[in-house]
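> This is input_14.pdb (PDB, C-alpha atoms).
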MODEL        1
ATOM      1  CA  MET S   1     -60.086 -12.210  10.602  1.00  0.00           C
ATOM      2  CA  GLY S   2     -60.539 -14.369  13.679  1.00  0.00           C
ATOM      3  CA  GLU S   3     -62.679 -17.259  12.502  1.00  0.00           C
ATOM      4  CA  ARG S   4     -61.400 -19.732   9.972  1.00  0.00           C
ATOM      5  CA  THR S   5     -62.698 -19.742   6.421  1.00  0.00           C
ATOM      6  CA  GLU S   6     -64.366 -22.790   4.918  1.00  0.00           C
ATOM      7  CA  ILE S   7     -64.148 -23.585   1.225  1.00  0.00           C
ATOM      8  CA  LEU S   8     -67.222 -25.757   0.733  1.00  0.00           C
ATOM      9  CA  VAL S   9     -66.916 -27.764  -2.474  1.00  0.00           C
ATOM     10  CA  CYS S  10     -69.883 -29.551  -4.017  1.00  0.00           C
ATOM     11  CA  ILE S  11     -68.296 -32.933  -4.749  1.00  0.00           C
ATOM     12  CA  LYS S  12     -71.416 -34.344  -6.421  1.00  0.00           C
ATOM     13  CA  CYS S  13     -71.312 -31.840  -9.280  1.00  0.00           C
ATOM     14  CA  LYS S  14     -71.490 -33.321 -12.767  1.00  0.00           C
ATOM     15  CA  ARG S  15     -71.147 -29.940 -14.511  1.00  0.00           C
ATOM     16  CA  GLY S  16     -73.421 -31.055 -17.313  1.00  0.00           C
ATOM     17  CA  THR S  17     -71.176 -33.961 -18.216  1.00  0.00           C
ATOM     18  CA  ASP S  18     -72.419 -37.467 -18.590  1.00  0.00           C
ATOM     19  CA  VAL S  19     -70.802 -39.030 -15.541  1.00  0.00           C
ATOM     20  CA  THR S  20     -72.106 -42.357 -14.363  1.00  0.00           C
ATOM     21  CA  ASP S  21     -72.864 -42.798 -10.691  1.00  0.00           C
ATOM     22  CA  ASP S  22     -69.672 -44.801 -10.294  1.00  0.00           C
ATOM     23  CA  GLY S  23     -67.521 -42.411 -12.284  1.00  0.00           C
ATOM     24  CA  GLU S  24     -65.432 -39.614 -10.909  1.00  0.00           C
ATOM     25  CA  ARG S  25     -67.258 -36.312 -10.953  1.00  0.00           C
ATOM     26  CA  PRO S  26     -65.911 -32.877 -11.828  1.00  0.00           C
ATOM     27  CA  GLY S  27     -66.837 -31.672  -8.346  1.00  0.00           C
ATOM     28  CA  GLN S  28     -64.801 -34.442  -6.752  1.00  0.00           C
ATOM     29  CA  ARG S  29     -61.871 -33.633  -9.044  1.00  0.00           C
ATOM     30  CA  LEU S  30     -62.081 -29.964  -8.044  1.00  0.00           C
ATOM     31  CA  PHE S  31     -61.999 -30.986  -4.395  1.00  0.00           C
ATOM     32  CA  ASP S  32     -59.070 -33.388  -4.949  1.00  0.00           C
ATOM     33  CA  GLU S  33     -57.057 -30.794  -6.863  1.00  0.00           C
ATOM     34  CA  LEU S  34     -57.573 -28.197  -4.145  1.00  0.00           C
ATOM     35  CA  GLN S  35     -56.567 -30.702  -1.501  1.00  0.00           C
ATOM     36  CA  ALA S  36     -53.431 -31.658  -3.423  1.00  0.00           C
ATOM     37  CA  ARG S  37     -52.529 -28.016  -3.947  1.00  0.00           C
ATOM     38  CA  GLY S  38     -52.821 -27.129  -0.286  1.00  0.00           C
ATOM     39  CA  LEU S  39     -54.422 -24.015   1.158  1.00  0.00           C
ATOM     40  CA  PRO S  40     -53.089 -20.893   2.864  1.00  0.00           C
ATOM     41  CA  GLU S  41     -53.234 -20.602   6.647  1.00  0.00           C
ATOM     42  CA  GLY S  42     -56.733 -20.126   8.022  1.00  0.00           C
ATOM     43  CA  LEU S  43     -58.562 -21.868   5.190  1.00  0.00           C
ATOM     44  CA  ASP S  44     -60.250 -25.249   5.516  1.00  0.00           C
ATOM     45  CA  LEU S  45     -61.443 -27.432   2.672  1.00  0.00           C
ATOM     46  CA  ARG S  46     -64.732 -29.246   3.143  1.00  0.00           C
ATOM     47  CA  ALA S  47     -66.595 -31.606   0.837  1.00  0.00           C
ATOM     48  CA  VAL S  48     -70.348 -31.052   0.600  1.00  0.00           C
ATOM     49  CA  GLU S  49     -72.982 -33.243  -0.993  1.00  0.00           C
ATOM     50  CA  CYS S  50     -74.804 -30.977  -3.408  1.00  0.00           C
ATOM     51  CA  LEU S  51     -75.094 -27.227  -3.072  1.00  0.00           C
ATOM     52  CA  GLN S  52     -78.052 -27.404  -5.497  1.00  0.00           C
ATOM     53  CA  ASN S  53     -76.524 -25.007  -7.949  1.00  0.00           C
ATOM     54  CA  CYS S  54     -76.534 -27.766 -10.566  1.00  0.00           C
ATOM     55  CA  ASP S  55     -77.179 -25.480 -13.556  1.00  0.00           C
ATOM     56  CA  SER S  56     -73.991 -23.495 -12.945  1.00  0.00           C
ATOM     57  CA  GLY S  57     -71.517 -25.997 -11.497  1.00  0.00           C
ATOM     58  CA  CYS S  58     -68.958 -26.645 -10.328  1.00  0.00           C
ATOM     59  CA  SER S  59     -69.853 -24.735  -7.212  1.00  0.00           C
ATOM     60  CA  VAL S  60     -68.015 -23.550  -4.149  1.00  0.00           C
ATOM     61  CA  ALA S  61     -69.215 -21.609  -1.123  1.00  0.00           C
ATOM     62  CA  LEU S  62     -66.977 -19.454   1.038  1.00  0.00           C
ATOM     63  CA  ARG S  63     -68.012 -19.134   4.657  1.00  0.00           C
ATOM     64  CA  GLY S  64     -66.162 -17.414   7.466  1.00  0.00           C
ATOM     65  CA  GLY S  65     -68.286 -17.605  10.574  1.00  0.00           C
ATOM     66  CA  GLY S  66     -71.261 -15.592  11.722  1.00  0.00           C
ATOM     67  CA  ASP S  67     -69.816 -12.136  11.080  1.00  0.00           C
ATOM     68  CA  LYS S  68     -69.314 -12.554   7.346  1.00  0.00           C
ATOM     69  CA  TRP S  69     -71.444 -12.810   4.260  1.00  0.00           C
ATOM     70  CA  THR S  70     -71.340 -16.323   2.795  1.00  0.00           C
ATOM     71  CA  TYR S  71     -70.715 -16.332  -0.969  1.00  0.00           C
ATOM     72  CA  LEU S  72     -71.571 -18.977  -3.521  1.00  0.00           C
ATOM     73  CA  TYR S  73     -69.606 -19.069  -6.768  1.00  0.00           C
ATOM     74  CA  GLY S  74     -70.300 -21.177  -9.824  1.00  0.00           C
ATOM     75  CA  ASN S  75     -68.952 -22.226 -13.204  1.00  0.00           C
ATOM     76  CA  LEU S  76     -65.670 -23.380 -11.710  1.00  0.00           C
ATOM     77  CA  HIS S  77     -63.321 -25.779 -13.467  1.00  0.00           C
ATOM     78  CA  GLU S  78     -60.617 -27.809 -11.765  1.00  0.00           C
ATOM     79  CA  ALA S  79     -58.271 -27.320 -14.725  1.00  0.00           C
ATOM     80  CA  SER S  80     -58.408 -23.540 -14.922  1.00  0.00           C
ATOM     81  CA  HIS S  81     -59.725 -21.982 -11.703  1.00  0.00           C
ATOM     82  CA  LEU S  82     -57.609 -23.365  -8.868  1.00  0.00           C
ATOM     83  CA  ASP S  83     -55.368 -20.311  -8.591  1.00  0.00           C
ATOM     84  CA  THR S  84     -58.192 -17.781  -8.746  1.00  0.00           C
ATOM     85  CA  LEU S  85     -60.261 -19.782  -6.276  1.00  0.00           C
ATOM     86  CA  ILE S  86     -57.448 -20.044  -3.719  1.00  0.00           C
ATOM     87  CA  GLU S  87     -56.506 -16.401  -4.227  1.00  0.00           C
ATOM     88  CA  GLY S  88     -60.119 -15.303  -3.855  1.00  0.00           C
ATOM     89  CA  ALA S  89     -60.643 -17.440  -0.754  1.00  0.00           C
ATOM     90  CA  ALA S  90     -57.539 -15.903   0.837  1.00  0.00           C
ATOM     91  CA  LEU S  91     -58.818 -12.392   0.051  1.00  0.00           C
ATOM     92  CA  TYR S  92     -62.195 -13.317   1.528  1.00  0.00           C
ATOM     93  CA  HIS S  93     -60.467 -14.630   4.636  1.00  0.00           C
ATOM     94  CA  GLU S  94     -58.681 -11.301   5.125  1.00  0.00           C
ATOM     95  CA  THR S  95     -61.929  -9.315   5.215  1.00  0.00           C
ATOM     96  CA  SER S  96     -63.926  -8.636   8.352  1.00  0.00           C
ATOM     97  CA  ASP S  97     -67.340  -8.906   6.656  1.00  0.00           C
ATOM     98  CA  GLY S  98     -66.717 -11.145   3.636  1.00  0.00           C
ATOM     99  CA  LEU S  99     -66.858  -8.292   1.112  1.00  0.00           C
ATOM    100  CA  ILE S 100     -63.775  -8.359  -1.113  1.00  0.00           C
ATOM    101  CA  PRO S 101     -63.252  -4.838  -2.499  1.00  0.00           C
ATOM    102  CA  TRP S 102     -64.357  -4.745  -6.130  1.00  0.00           C
ATOM    103  CA  ARG S 103     -61.005  -3.643  -7.513  1.00  0.00           C
ATOM    104  CA  THR S 104     -59.196  -6.625  -5.995  1.00  0.00           C
ATOM    105  CA  ARG S 105     -61.981  -9.155  -6.499  1.00  0.00           C
ATOM    106  CA  PRO S 106     -60.995 -11.920  -8.924  1.00  0.00           C
ATOM    107  CA  GLU S 107     -62.663 -11.596 -12.323  1.00  0.00           C
ATOM    108  CA  HIS S 108     -64.250 -15.009 -12.008  1.00  0.00           C
ATOM    109  CA  PHE S 109     -65.855 -13.985  -8.712  1.00  0.00           C
ATOM    110  CA  LYS S 110     -67.209 -10.785 -10.269  1.00  0.00           C
ATOM    111  CA  ARG S 111     -68.969 -12.677 -13.021  1.00  0.00           C
ATOM    112  CA  ASN S 112     -69.995 -15.926 -11.372  1.00  0.00           C
ATOM    113  CA  CYS S 113     -71.499 -15.053  -8.026  1.00  0.00           C
ATOM    114  CA  ILE S 114     -74.588 -17.217  -7.727  1.00  0.00           C
ATOM    115  CA  ALA S 115     -75.846 -15.822  -4.441  1.00  0.00           C
ATOM    116  CA  ARG S 116     -74.786 -14.622  -1.030  1.00  0.00           C
ATOM    117  CA  ILE S 117     -76.202 -15.045   2.448  1.00  0.00           C
ATOM    118  CA  PRO S 118     -75.879 -12.295   5.066  1.00  0.00           C
ATOM    119  CA  PRO S 119     -73.991 -12.537   8.345  1.00  0.00           C
ATOM    120  CA  LEU S 120     -75.852 -13.888  11.355  1.00  0.00           C
ATOM    121  CA  GLU S 121     -75.427 -10.585  13.122  1.00  0.00           C
ATOM    122  CA  ASP S 122     -77.273  -7.484  12.043  1.00  0.00           C
ATOM    123  CA  ASN S 123     -74.629  -6.387   9.573  1.00  0.00           C
ATOM    124  CA  ASN S 124     -75.865  -5.950   6.043  1.00  0.00           C
ATOM    125  CA  GLY S 125     -72.700  -4.175   4.905  1.00  0.00           C
TER     126      GLY S 125
ATOM    127  CA  MET J 126     -86.822 -26.932  16.153  1.00  0.00           C
ATOM    128  CA  GLY J 127     -85.161 -24.857  18.829  1.00  0.00           C
ATOM    129  CA  GLU J 128     -83.675 -21.935  16.949  1.00  0.00           C
ATOM    130  CA  ARG J 129     -85.878 -19.414  15.206  1.00  0.00           C
ATOM    131  CA  THR J 130     -86.138 -19.342  11.431  1.00  0.00           C
ATOM    132  CA  GLU J 131     -85.212 -16.243   9.461  1.00  0.00           C
ATOM    133  CA  ILE J 132     -86.919 -15.367   6.192  1.00  0.00           C
ATOM    134  CA  LEU J 133     -84.308 -13.169   4.534  1.00  0.00           C
ATOM    135  CA  VAL J 134     -85.883 -11.096   1.778  1.00  0.00           C
ATOM    136  CA  CYS J 135     -83.803  -9.260  -0.800  1.00  0.00           C
ATOM    137  CA  ILE J 136     -85.531  -5.863  -0.748  1.00  0.00           C
ATOM    138  CA  LYS J 137     -83.356  -4.422  -3.517  1.00  0.00           C
ATOM    139  CA  CYS J 138     -84.634  -6.847  -6.130  1.00  0.00           C
ATOM    140  CA  LYS J 139     -85.870  -5.280  -9.369  1.00  0.00           C
ATOM    141  CA  ARG J 140     -86.909  -8.619 -10.889  1.00  0.00           C
ATOM    142  CA  GLY J 141     -85.970  -7.434 -14.351  1.00  0.00           C
ATOM    143  CA  THR J 142     -88.416  -4.551 -14.195  1.00  0.00           C
ATOM    144  CA  ASP J 143     -87.447  -1.021 -14.982  1.00  0.00           C
ATOM    145  CA  VAL J 144     -87.637   0.466 -11.494  1.00  0.00           C
ATOM    146  CA  THR J 145     -85.915   3.754 -10.888  1.00  0.00           C
ATOM    147  CA  ASP J 146     -83.717   4.114  -7.845  1.00  0.00           C
ATOM    148  CA  ASP J 147     -86.457   6.104  -6.130  1.00  0.00           C
ATOM    149  CA  GLY J 148     -89.249   3.761  -7.118  1.00  0.00           C
ATOM    150  CA  GLU J 149     -90.628   0.927  -5.076  1.00  0.00           C
ATOM    151  CA  ARG J 150     -88.967  -2.355  -5.921  1.00  0.00           C
ATOM    152  CA  PRO J 151     -90.588  -5.767  -6.237  1.00  0.00           C
ATOM    153  CA  GLY J 152     -88.325  -7.051  -3.454  1.00  0.00           C
ATOM    154  CA  GLN J 153     -89.532  -4.331  -1.111  1.00  0.00           C
ATOM    155  CA  ARG J 154     -93.145  -5.119  -2.034  1.00  0.00           C
ATOM    156  CA  LEU J 155     -92.557  -8.799  -1.279  1.00  0.00           C
ATOM    157  CA  PHE J 156     -91.151  -7.853   2.111  1.00  0.00           C
ATOM    158  CA  ASP J 157     -94.029  -5.461   2.848  1.00  0.00           C
ATOM    159  CA  GLU J 158     -96.654  -8.019   1.861  1.00  0.00           C
ATOM    160  CA  LEU J 159     -95.083 -10.680   4.073  1.00  0.00           C
ATOM    161  CA  GLN J 160     -94.926  -8.238   6.963  1.00  0.00           C
ATOM    162  CA  ALA J 161     -98.562  -7.262   6.494  1.00  0.00           C
ATOM    163  CA  ARG J 162     -99.625 -10.898   6.299  1.00  0.00           C
ATOM    164  CA  GLY J 163     -97.848 -11.857   9.510  1.00  0.00           C
ATOM    165  CA  LEU J 164     -95.828 -14.995  10.116  1.00  0.00           C
ATOM    166  CA  PRO J 165     -96.367 -18.155  12.151  1.00  0.00           C
ATOM    167  CA  GLU J 166     -94.699 -18.536  15.539  1.00  0.00           C
ATOM    168  CA  GLY J 167     -90.937 -19.006  15.366  1.00  0.00           C
ATOM    169  CA  LEU J 168     -90.419 -17.194  12.064  1.00  0.00           C
ATOM    170  CA  ASP J 169     -88.714 -13.820  11.739  1.00  0.00           C
ATOM    171  CA  LEU J 170     -88.778 -11.582   8.706  1.00  0.00           C
ATOM    172  CA  ARG J 171     -85.576  -9.746   7.838  1.00  0.00           C
ATOM    173  CA  ALA J 172     -84.796  -7.325   5.031  1.00  0.00           C
ATOM    174  CA  VAL J 173     -81.481  -7.860   3.258  1.00  0.00           C
ATOM    175  CA  GLU J 174     -79.713  -5.617   0.774  1.00  0.00           C
ATOM    176  CA  CYS J 175     -79.063  -7.826  -2.233  1.00  0.00           C
ATOM    177  CA  LEU J 176     -78.674 -11.579  -2.130  1.00  0.00           C
ATOM    178  CA  GLN J 177     -76.957 -11.326  -5.534  1.00  0.00           C
ATOM    179  CA  ASN J 178     -79.380 -13.665  -7.196  1.00  0.00           C
ATOM    180  CA  CYS J 179     -80.424 -10.864  -9.527  1.00  0.00           C
ATOM    181  CA  ASP J 180     -81.050 -13.057 -12.578  1.00  0.00           C
ATOM    182  CA  SER J 181     -83.723 -15.080 -10.775  1.00  0.00           C
ATOM    183  CA  GLY J 182     -85.405 -12.642  -8.394  1.00  0.00           C
ATOM    184  CA  CYS J 183     -87.239 -12.022  -6.253  1.00  0.00           C
ATOM    185  CA  SER J 184     -85.152 -14.010  -3.812  1.00  0.00           C
ATOM    186  CA  VAL J 185     -85.586 -15.264  -0.297  1.00  0.00           C
ATOM    187  CA  ALA J 186     -83.272 -17.265   1.928  1.00  0.00           C
ATOM    188  CA  LEU J 187     -84.441 -19.490   4.779  1.00  0.00           C
ATOM    189  CA  ARG J 188     -82.011 -19.885   7.652  1.00  0.00           C
ATOM    190  CA  GLY J 189     -82.555 -21.673  10.921  1.00  0.00           C
ATOM    191  CA  GLY J 190     -79.346 -21.538  12.879  1.00  0.00           C
ATOM    192  CA  GLY J 191     -76.168 -23.568  12.673  1.00  0.00           C
ATOM    193  CA  ASP J 192     -77.755 -27.009  12.600  1.00  0.00           C
ATOM    194  CA  LYS J 193     -79.760 -26.511   9.413  1.00  0.00           C
ATOM    195  CA  TRP J 194     -79.078 -26.178   5.726  1.00  0.00           C
ATOM    196  CA  THR J 195     -79.748 -22.633   4.518  1.00  0.00           C
ATOM    197  CA  TYR J 196     -81.857 -22.531   1.343  1.00  0.00           C
ATOM    198  CA  LEU J 197     -82.108 -19.825  -1.276  1.00  0.00           C
ATOM    199  CA  TYR J 198     -85.229 -19.677  -3.430  1.00  0.00           C
ATOM    200  CA  GLY J 199     -85.829 -17.494  -6.461  1.00  0.00           C
ATOM    201  CA  ASN J 200     -88.444 -16.385  -8.974  1.00  0.00           C
ATOM    202  CA  LEU J 201     -90.825 -15.281  -6.245  1.00  0.00           C
ATOM    203  CA  HIS J 202     -93.667 -12.848  -6.828  1.00  0.00           C
ATOM    204  CA  GLU J 203     -95.444 -10.880  -4.116  1.00  0.00           C
ATOM    205  CA  ALA J 204     -98.771 -11.316  -5.877  1.00  0.00           C
ATOM    206  CA  SER J 205     -98.762 -15.080  -6.208  1.00  0.00           C
ATOM    207  CA  HIS J 206     -96.247 -16.706  -3.842  1.00  0.00           C
ATOM    208  CA  LEU J 207     -97.018 -15.406  -0.346  1.00  0.00           C
ATOM    209  CA  ASP J 208     -98.957 -18.469   0.736  1.00  0.00           C
ATOM    210  CA  THR J 209     -96.461 -20.979  -0.597  1.00  0.00           C
ATOM    211  CA  LEU J 210     -93.557 -19.032   0.860  1.00  0.00           C
ATOM    212  CA  ILE J 211     -95.071 -18.832   4.334  1.00  0.00           C
ATOM    213  CA  GLU J 212     -96.163 -22.470   4.170  1.00  0.00           C
ATOM    214  CA  GLY J 213     -92.704 -23.552   3.020  1.00  0.00           C
ATOM    215  CA  ALA J 214     -90.963 -21.490   5.685  1.00  0.00           C
ATOM    216  CA  ALA J 215     -93.146 -23.064   8.360  1.00  0.00           C
ATOM    217  CA  LEU J 216     -92.321 -26.558   7.045  1.00  0.00           C
ATOM    218  CA  TYR J 217     -88.633 -25.645   7.036  1.00  0.00           C
ATOM    219  CA  HIS J 218     -88.927 -24.420  10.613  1.00  0.00           C
ATOM    220  CA  GLU J 219     -90.371 -27.768  11.698  1.00  0.00           C
ATOM    221  CA  THR J 220     -87.389 -29.742  10.413  1.00  0.00           C
ATOM    222  CA  SER J 221     -84.266 -30.467  12.432  1.00  0.00           C
ATOM    223  CA  ASP J 222     -81.861 -30.153   9.502  1.00  0.00           C
ATOM    224  CA  GLY J 223     -83.645 -27.851   7.054  1.00  0.00           C
ATOM    225  CA  LEU J 224     -84.570 -30.635   4.630  1.00  0.00           C
ATOM    226  CA  ILE J 225     -88.298 -30.535   3.871  1.00  0.00           C
ATOM    227  CA  PRO J 226     -89.362 -34.021   2.740  1.00  0.00           C
ATOM    228  CA  TRP J 227     -89.851 -34.026  -1.034  1.00  0.00           C
ATOM    229  CA  ARG J 228     -93.484 -35.118  -0.949  1.00  0.00           C
ATOM    230  CA  THR J 229     -94.495 -32.186   1.253  1.00  0.00           C
ATOM    231  CA  ARG J 230     -92.138 -29.620  -0.293  1.00  0.00           C
ATOM    232  CA  PRO J 231     -94.014 -26.808  -2.042  1.00  0.00           C
ATOM    233  CA  GLU J 232     -93.884 -27.042  -5.840  1.00  0.00           C
ATOM    234  CA  HIS J 233     -92.285 -23.632  -6.115  1.00  0.00           C
ATOM    235  CA  PHE J 234     -89.478 -24.727  -3.783  1.00  0.00           C
ATOM    236  CA  LYS J 235     -88.899 -27.887  -5.824  1.00  0.00           C
ATOM    237  CA  ARG J 236     -88.404 -25.932  -9.025  1.00  0.00           C
ATOM    238  CA  ASN J 237     -86.788 -22.716  -7.863  1.00  0.00           C
ATOM    239  CA  CYS J 238     -84.045 -23.656  -5.440  1.00  0.00           C
ATOM    240  CA  ILE J 239     -81.073 -21.479  -6.396  1.00  0.00           C
ATOM    241  CA  ALA J 240     -78.595 -22.948  -3.935  1.00  0.00           C
ATOM    242  CA  ARG J 241     -78.172 -24.228  -0.418  1.00  0.00           C
ATOM    243  CA  ILE J 242     -75.441 -23.875   2.192  1.00  0.00           C
ATOM    244  CA  PRO J 243     -74.698 -26.694   4.635  1.00  0.00           C
ATOM    245  CA  PRO J 244     -75.080 -26.530   8.417  1.00  0.00           C
ATOM    246  CA  LEU J 245     -72.141 -25.255  10.424  1.00  0.00           C
ATOM    247  CA  GLU J 246     -71.825 -28.580  12.126  1.00  0.00           C
ATOM    248  CA  ASP J 247     -70.566 -31.659  10.349  1.00  0.00           C
ATOM    249  CA  ASN J 248     -73.990 -32.712   9.156  1.00  0.00           C
ATOM    250  CA  ASN J 249     -74.282 -33.101   5.407  1.00  0.00           C
ATOM    251  CA  GLY J 250     -77.624 -34.928   5.686  1.00  0.00           C
TER     252      GLY J 250
ENDMDL
END
Could you write out this file's structure as structure tokens?


Amino acid sequence: MGERTEILVCIKCKRGTDVTDDGERPGQRLFDELQARGLPEGLDLRAVECLQNCDSGCSVALRGGGDKWTYLYGNLHEASHLDTLIEGAALYHETSDGLIPWRTRPEHFKRNCIARIPPLEDNNG
Amino acid sequence: MGERTEILVCIKCKRGTDVTDDGERPGQRLFDELQARGLPEGLDLRAVECLQNCDSGCSVALRGGGDKWTYLYGNLHEASHLDTLIEGAALYHETSDGLIPWRTRPEHFKRNCIARIPPLEDNNG
């Protein structure tokens, strides 16, 4: 473990809905719900302005320092994916390289990985 | 500038083609063509095993250290996108935060950004 894990939530996400610029956005609601729920030890919530995954929002990235792969997940909904997101983030946090073993990886993560970015170090796992 | 810029190429990409496991993959060809072409000062080419953007390959990520947004671009072809990719990577390298001004951003980058990951520092630009 070592480094803390960031849950980067795109708070600008409209998820295809017709939200006015003044209205509350699904991405902001996802962030608010996660904040209200509280996170396990070692995980930090961070609001981000647009992860540019607009076609498959809401979007969240998991990042755990330079030794881990960074993962971007999409198609998240604040009403139905809070538990799986927190569970998956905790599993990610427990890994040394960011790779959650397939058999324990949440179903939503298996099917909605948008992309991943390798560790800074030469460690392509 | 400061830090060097990595061009992370997914060498496993099949780009929807029917490549056997022993055959040469489009992602590997993209990497080889970039390597043969040579890159401007400050840019490093790095092969990566699967960026998990398989639906929109070939894929390349641009990363420039902890102060910049990391960008992932898709739908790249080794036969037609070498110039725009190298030009775009050089423009990215010249920025302080990874944000290429819209008017100078290559057309392919405008239309094929898969996602972006924020800087490590608190800089949501």

> Pull the closest atom pair for each residue of chain J that gets at most 10 Å from chain S, along with the distance in Å to one decimal, counting only C-alpha atoms, ordering rows by chain and then ascending residue number, as a Markdown table.


| residue | atom | partner | partner_atom | distance |
| --- | --- | --- | --- | --- |
| J:Glu131 | CA | S:Leu120 | CA | 9.8 |
| J:Leu133 | CA | S:Pro118 | CA | 8.5 |
| J:Arg171 | CA | S:Asp122 | CA | 9.6 |
| J:Ala172 | CA | S:Asn124 | CA | 9.1 |
| J:Val173 | CA | S:Asn124 | CA | 6.6 |
| J:Glu174 | CA | S:Asn124 | CA | 6.5 |
| J:Cys175 | CA | S:Arg116 | CA | 8.1 |
| J:Leu176 | CA | S:Arg116 | CA | 5.1 |
| J:Gln177 | CA | S:Ala115 | CA | 4.8 |
| J:Asn178 | CA | S:Ala115 | CA | 5.0 |
| J:Cys179 | CA | S:Ala115 | CA | 8.5 |
| J:Asp180 | CA | S:Ile114 | CA | 9.1 |
| J:Ser181 | CA | S:Ile114 | CA | 9.9 |
| J:Ser184 | CA | S:Ala115 | CA | 9.5 |
| J:Val185 | CA | S:Ile117 | CA | 9.8 |
| J:Ala186 | CA | S:Ile117 | CA | 7.4 |
| J:Leu187 | CA | S:Ile117 | CA | 9.6 |
| J:Arg188 | CA | S:Ile117 | CA | 9.2 |
| J:Gly190 | CA | S:Leu120 | CA | 8.5 |
| J:Gly191 | CA | S:Gly66 | CA | 9.4 |
| J:Trp194 | CA | S:Leu51 | CA | 9.7 |
| J:Thr195 | CA | S:Ile117 | CA | 8.6 |
| J:Tyr196 | CA | S:Gln52 | CA | 9.2 |
| J:Leu197 | CA | S:Ala115 | CA | 8.1 |
| J:Cys238 | CA | S:Gln52 | CA | 7.1 |
| J:Ile239 | CA | S:Asn53 | CA | 6.0 |
| J:Ala240 | CA | S:Gln52 | CA | 4.8 |
| J:Arg241 | CA | S:Leu51 | CA | 5.1 |
| J:Ile242 | CA | S:Leu51 | CA | 6.3 |
| J:Pro243 | CA | S:Val48 | CA | 7.4 |
| J:Leu245 | CA | S:Gly65 | CA | 8.6 |
| J:Asp247 | CA | S:Arg46 | CA | 9.6 |
| J:Asn248 | CA | S:Val48 | CA | 9.4 |
| J:Asn249 | CA | S:Glu49 | CA | 6.5 |
| J:Gly250 | CA | S:Glu49 | CA | 8.3 |

> Applying 9 Å and all atoms listed in the file, which residues near Leu207 in chain J remain after dropping the ones on its own chain fewer than 3 positions away? List them as a list in words.

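Contacts, with the query itself left out: Leu155, Glu158, Leu159, Arg162, Leu201, His202, Glu203, Ala204, Leu210, Ile211 and Glu212 of chain J.
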
> So, with all atoms listed in the file as the atoms that count, which of J:Glu232, J:Asn200, J:Gly223, J:Gly163 lies closest to Cys135 in chain J?

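When distances to Cys135 in chain J are compared using all atoms listed in the file, the smallest one comes from J:Asn200.
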
> Which value, in Å to one decimal, gives the distance between CA of Asp32 in chain S and CA of Lys14 in chain S?

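Straight-line distance from CA of Asp32 in chain S to CA of Lys14 in chain S works out to 14.7 Å.
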
> What is the CA of Ile132 in chain J-CA of Leu170 in chain J distance in Å, reported with one decimal?

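Result for CA of Ile132 in chain J versus CA of Leu170 in chain J: 4.9 Å, one decimal.
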
> Write out as a PyMOL selection string each polymer residue whose atoms come within 9 Å of Pro151 in chain J, counting all atoms listed in the file; drop sequence neighbours fewer than 3 positions from it.

chain J and resi 136-140+142+144+154-156+182-183+202-203

> Taking (-64.6, -19.9, 13.4) in the file's own coordinates, collect the residues within 8 Å, counting all atoms listed in the file, and hand them back as a list in words.

Gly2, Glu3, Arg4, Thr5, Gly64 and Gly65 of chain S

> For those residues, write C-alpha atoms to a file as a PDB file, keeping the file's coordinate frame.


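Produced file selection36.pdb, reproduced below:
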ATOM      1  CA  GLY S   2     -60.539 -14.369  13.679  1.00  0.00           C
ATOM      2  CA  GLU S   3     -62.679 -17.259  12.502  1.00  0.00           C
ATOM      3  CA  ARG S   4     -61.400 -19.732   9.972  1.00  0.00           C
ATOM      4  CA  THR S   5     -62.698 -19.742   6.421  1.00  0.00           C
ATOM      5  CA  GLY S  64     -66.162 -17.414   7.466  1.00  0.00           C
ATOM      6  CA  GLY S  65     -68.286 -17.605  10.574  1.00  0.00           C
TER       7      GLY S  65
END

> Counting only C-alpha atoms, which residue out of S:Arg105, S:Glu41, S:Gln35, S:Gly16 sits closest to Tyr92 in chain S?

S:Arg105

> Please, what distance in Å, to one decimal, runs between CA of Leu164 in chain J and CA of Phe234 in chain J?

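Here the two named atoms are 18.1 Å from each other.
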
> Counting all atoms listed in the file, figure out which residue out of S:Asn112, S:Gly42, S:His81, S:Asp67 gets nearest to His93 in chain S.

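Checking each candidate against His93 in chain S, we get S:Gly42 as the closest.
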
> Go through J:Arg236, J:Val134, J:Pro231, J:Tyr198 one by one, measure the shortest atom-to-atom distance of each to Ala215 in chain J using only C-alpha atoms, and give the residue with the smallest value.

J:Pro231

> Let me know the centre plus edge lengths, in Å and rounded to one decimal, of a box with edges along x, y and z that contains all listed atoms of range 159-167 of chain J and is padded by 5 Å on every side, as AutoDock Vina command-line options.


--center_x -95.3 --center_y -13.1 --center_z 9.8 --size_x 18.7 --size_y 21.7 --size_z 21.5

> Nearest residue to Ile100 in chain S out of S:Pro40, S:Gly74, S:Pro119, S:Lys68, using all atoms listed in the file?

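Distance minimum relative to Ile100 in chain S lands on S:Lys68.
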
> Could range 75-79 of chain S be completed with N, CA and C atoms and written as an mmCIF file, in the frame of the given file, please?


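The result, written out as rebuild.cif:
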data_model
loop_
_atom_site.group_PDB
_atom_site.id
_atom_site.type_symbol
_atom_site.label_atom_id
_atom_site.label_comp_id
_atom_site.auth_asym_id
_atom_site.auth_seq_id
_atom_site.Cartn_x
_atom_site.Cartn_y
_atom_site.Cartn_z
ATOM 1 N N ASN S 75 -69.676 -22.105 -11.936
ATOM 2 C CA ASN S 75 -68.952 -22.226 -13.204
ATOM 3 C C ASN S 75 -67.451 -22.393 -13.012
ATOM 4 N N LEU S 76 -67.091 -23.158 -12.007
ATOM 5 C CA LEU S 76 -65.670 -23.380 -11.710
ATOM 6 C C LEU S 76 -65.179 -24.662 -12.377
ATOM 7 N N HIS S 77 -63.923 -24.614 -12.822
ATOM 8 C CA HIS S 77 -63.321 -25.779 -13.467
ATOM 9 C C HIS S 77 -61.991 -26.111 -12.791
ATOM 10 N N GLU S 78 -61.814 -27.393 -12.502
ATOM 11 C CA GLU S 78 -60.617 -27.809 -11.765
ATOM 12 C C GLU S 78 -59.339 -27.592 -12.570
ATOM 13 N N ALA S 79 -59.472 -27.480 -13.903
ATOM 14 C CA ALA S 79 -58.271 -27.320 -14.725
ATOM 15 C C ALA S 79 -57.828 -25.866 -14.832
#
